[in-house]
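Report on one structure; see the data block that follows.
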Amino acid sequence: MSPAAEPLASLPPPTGPLLTGRGLFKRYGRQHALAGVDITVKAGEALGIVGPHGAGKTTLLHVLAAIQPPDSGEVALQGHRIDRLGAAERGKVRRRSFGFVFARGKLVDELTTEENVALPLLVSGVGRCRALAEARTRLERLDLNGLENRRPRELSAGQALRVTLARAFVHGPRIVFADEPADALDVRTGEETVSTLLRAAREDESAVIITTRDRDLVARTGTTMEIREGLITGGVMAA
Amino acid sequence: MIPVAPVWRVAVLMGMAALSGYGLLTTADSDNTGVLLFAPALTTLSVWLTGPWIAATLGRLLIGRWHGPAALLAGRRLYENPDAPRRTSCDAVLAVFLGSVGMTLLPACHGPGHFPGEWTETVIIGVLVTAPAGWCAVATVMTSVFDRRHVFGALLAAGTPVRVLRRVVSMEVTVPALIAMWGAGGGGVVIGAVVLRLLGAEAVFGGWMAAPAFLGSGAAVVATAACTPTLRRIGSGTQSWPYGHQ
């Protein structure tokens, strides 16, 4: 586990499910984004969620990651309800326990590579030297040596995505949420990125939830679910 | 690297300030009207030119000494994009500058003994300064947030507290604006004194001359606080940030 100055919740090692969502509903206006989703994620599991554009993949990720509360239903992390927490508390849960890989990276343009990677640690209160050292170690593990002082604009799309992966894992999260991580990449780079993501999750014993429209990519995860019109339609199958 | 030839910018500033000082000191002995009218305008221009350099220098200071994410983000932003604060805050700075000139001239219009008893003019100047300064400060802050709504959205989604990003905005927008406003306020007082001397009167210095800079600064601070609801909205996920609903 990586260092964090912010006192972490002393949640015991998970024995049951790591993350559960039960009866999740969410609507935007009249449109149902989630229409009663049940989902369970085990510790260290790699879960792929596949579905077409507008199926509810990102909304499901938002709700599971406590970015947005559901309209009804419940989300629990190691048995503790997180959907009813206030915004600040949900932010704390995300900061401590979750990592994020956003579509198209979302690196901070003005920061160097190592500063981008160190950001989750700095936000958690880890000191400058320690955070940067941890970031450099994480970059090395993802074969990004020598790129520490480059800016995102000086990186290839694949390199930028790997930097995003380093940022997602740097604070030792229990779950990494990856929303269409291969969205803006060519097929080969996309496959490499997802492979790197899954390898990093295995090494860190983190669970990972990946959304994508690409069935070939999702087949690389351990468990696959299909979502359409806010409902899990494809069942759960081990790949 | 500090952007766009700071040396010549500073040289222009120093040269024009020296010219203004020379004009101010020699007016009583000779007819330096041309110098007096020309030099202040160029001084103002050179301050405007030097703004990005000041912002970049402030950025470099923050980069060298940061201990938290807010100082890092603000320092890098100021250093990499020092023109941004000037683009939107120059109107506010101009308002403070003109307000300070007005405050310096005001006692001469009524006689020193009457000021600050002439509250009508004082209030008018205050409103004329605060309204544009406040408006520009809000525009500057909102531009700073909206320019980076995707990145801010991603940071908030990842659990970054709103207060950290509010501090970023404060450091990269409000602090340079305060420096510029107090500089403009000082410059306005000097120019007001020069104009009075041209008219054969002497300036009466007092605390009221700082009122425009004080009001402009207050507007900038309030504007920074006003970005909090916007940041919360970005972080709530009700916007299509950091990615659209799918």
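Numbering starts fresh at 1 for the residues of each chain in the structure tokens, the chains themselves are lettered A, B, ... in the order given, and ligands are numbered from 1 as they appear.
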Contact residues (chain A, partner chain B, 7 Å, only C-alpha atoms) as a PyMOL selection string: chain A and resi 53-59+67-68+91-92+94-95+99-100+106-108+110-111+119+122-123+127-128
Can you spit out the residues from that selection as a compact mmCIF listing (two decimals), in the first residue's frame, using N, CA and C atoms?
# COMPACT_ATOMS: atom_id res chain seq x y z
N HIS A 53 -23.25 3.12 -27.00
CA HIS A 53 -23.31 4.50 -26.54
C HIS A 53 -24.70 4.80 -25.97
N GLY A 54 -24.76 5.39 -24.78
CA GLY A 54 -26.05 5.72 -24.18
C GLY A 54 -26.68 4.58 -23.40
N ALA A 55 -25.97 3.49 -23.20
CA ALA A 55 -26.56 2.33 -22.52
C ALA A 55 -26.61 2.50 -21.01
N GLY A 56 -25.80 3.41 -20.46
CA GLY A 56 -25.78 3.62 -19.01
C GLY A 56 -24.46 3.22 -18.36
N LYS A 57 -23.45 2.95 -19.18
CA LYS A 57 -22.16 2.48 -18.65
C LYS A 57 -21.53 3.54 -17.73
N THR A 58 -21.43 4.75 -18.23
CA THR A 58 -20.77 5.80 -17.45
C THR A 58 -21.57 6.16 -16.21
N THR A 59 -22.90 6.19 -16.35
CA THR A 59 -23.73 6.48 -15.18
C THR A 59 -23.53 5.42 -14.11
N ILE A 67 -19.52 9.10 -7.27
CA ILE A 67 -19.46 10.45 -7.85
C ILE A 67 -20.86 11.05 -7.83
N GLN A 68 -21.84 10.23 -8.12
CA GLN A 68 -23.24 10.63 -8.05
C GLN A 68 -24.01 9.63 -7.19
N GLY A 91 -16.37 12.25 -1.43
CA GLY A 91 -15.08 12.65 -1.99
C GLY A 91 -13.93 11.97 -1.26
N LYS A 92 -14.06 11.87 0.05
CA LYS A 92 -13.02 11.23 0.85
C LYS A 92 -12.89 9.74 0.49
N ARG A 94 -13.65 8.38 -2.39
CA ARG A 94 -13.03 8.29 -3.72
C ARG A 94 -11.52 8.52 -3.63
N ARG A 95 -11.15 9.50 -2.83
CA ARG A 95 -9.74 9.86 -2.70
C ARG A 95 -8.94 8.72 -2.08
N GLY A 99 -9.39 4.59 -7.60
CA GLY A 99 -8.54 5.24 -8.61
C GLY A 99 -9.36 5.40 -9.88
N PHE A 100 -9.00 6.36 -10.71
CA PHE A 100 -9.81 6.64 -11.89
C PHE A 100 -8.96 6.76 -13.15
N LYS A 106 -7.34 13.00 -19.35
CA LYS A 106 -7.59 14.14 -18.47
C LYS A 106 -6.38 14.45 -17.57
N LEU A 107 -5.21 14.45 -18.18
CA LEU A 107 -4.04 14.90 -17.43
C LEU A 107 -4.05 16.43 -17.38
N VAL A 108 -3.38 16.99 -16.37
CA VAL A 108 -3.29 18.44 -16.27
C VAL A 108 -2.17 18.92 -17.18
N GLU A 110 -0.49 21.60 -17.65
CA GLU A 110 0.64 22.42 -17.20
C GLU A 110 1.62 21.63 -16.33
N LEU A 111 1.18 20.50 -15.79
CA LEU A 111 2.05 19.74 -14.88
C LEU A 111 2.94 18.78 -15.65
N LEU A 119 -0.26 13.73 -8.04
CA LEU A 119 -1.39 14.55 -7.60
C LEU A 119 -2.32 13.86 -6.58
N LEU A 122 -0.65 14.04 -3.25
CA LEU A 122 -0.59 15.40 -2.72
C LEU A 122 -1.94 15.83 -2.17
N VAL A 123 -2.99 15.48 -2.90
CA VAL A 123 -4.34 15.84 -2.44
C VAL A 123 -4.68 15.15 -1.13
N GLY A 127 3.56 14.56 1.57
CA GLY A 127 4.51 15.64 1.31
C GLY A 127 5.10 15.58 -0.09
N ARG A 128 5.66 16.70 -0.51
CA ARG A 128 6.17 16.86 -1.87
C ARG A 128 7.20 15.79 -2.26
Contacts of Val222 in chain B within 9 Å, only C-alpha atoms, excl. fewer than 3 positions in-chain, as a ChimeraX atom specification: /B:134,137-138,217-219,225-226
Between CA of Thr164 in chain A and CA of Asn116 in chain A - distance in Å to one decimal: 8.2 Å
Within 9 Å of Ala65 in chain A using only C-alpha atoms, minus same-chain residues under 4 positions, as a list in words: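 Once the adjacent positions are removed, what remains is Leu60, Leu61, Val75, Arg90, Val93, Arg94, Phe98, Ile175 and Phe177 of chain A; Ala157 of chain B.
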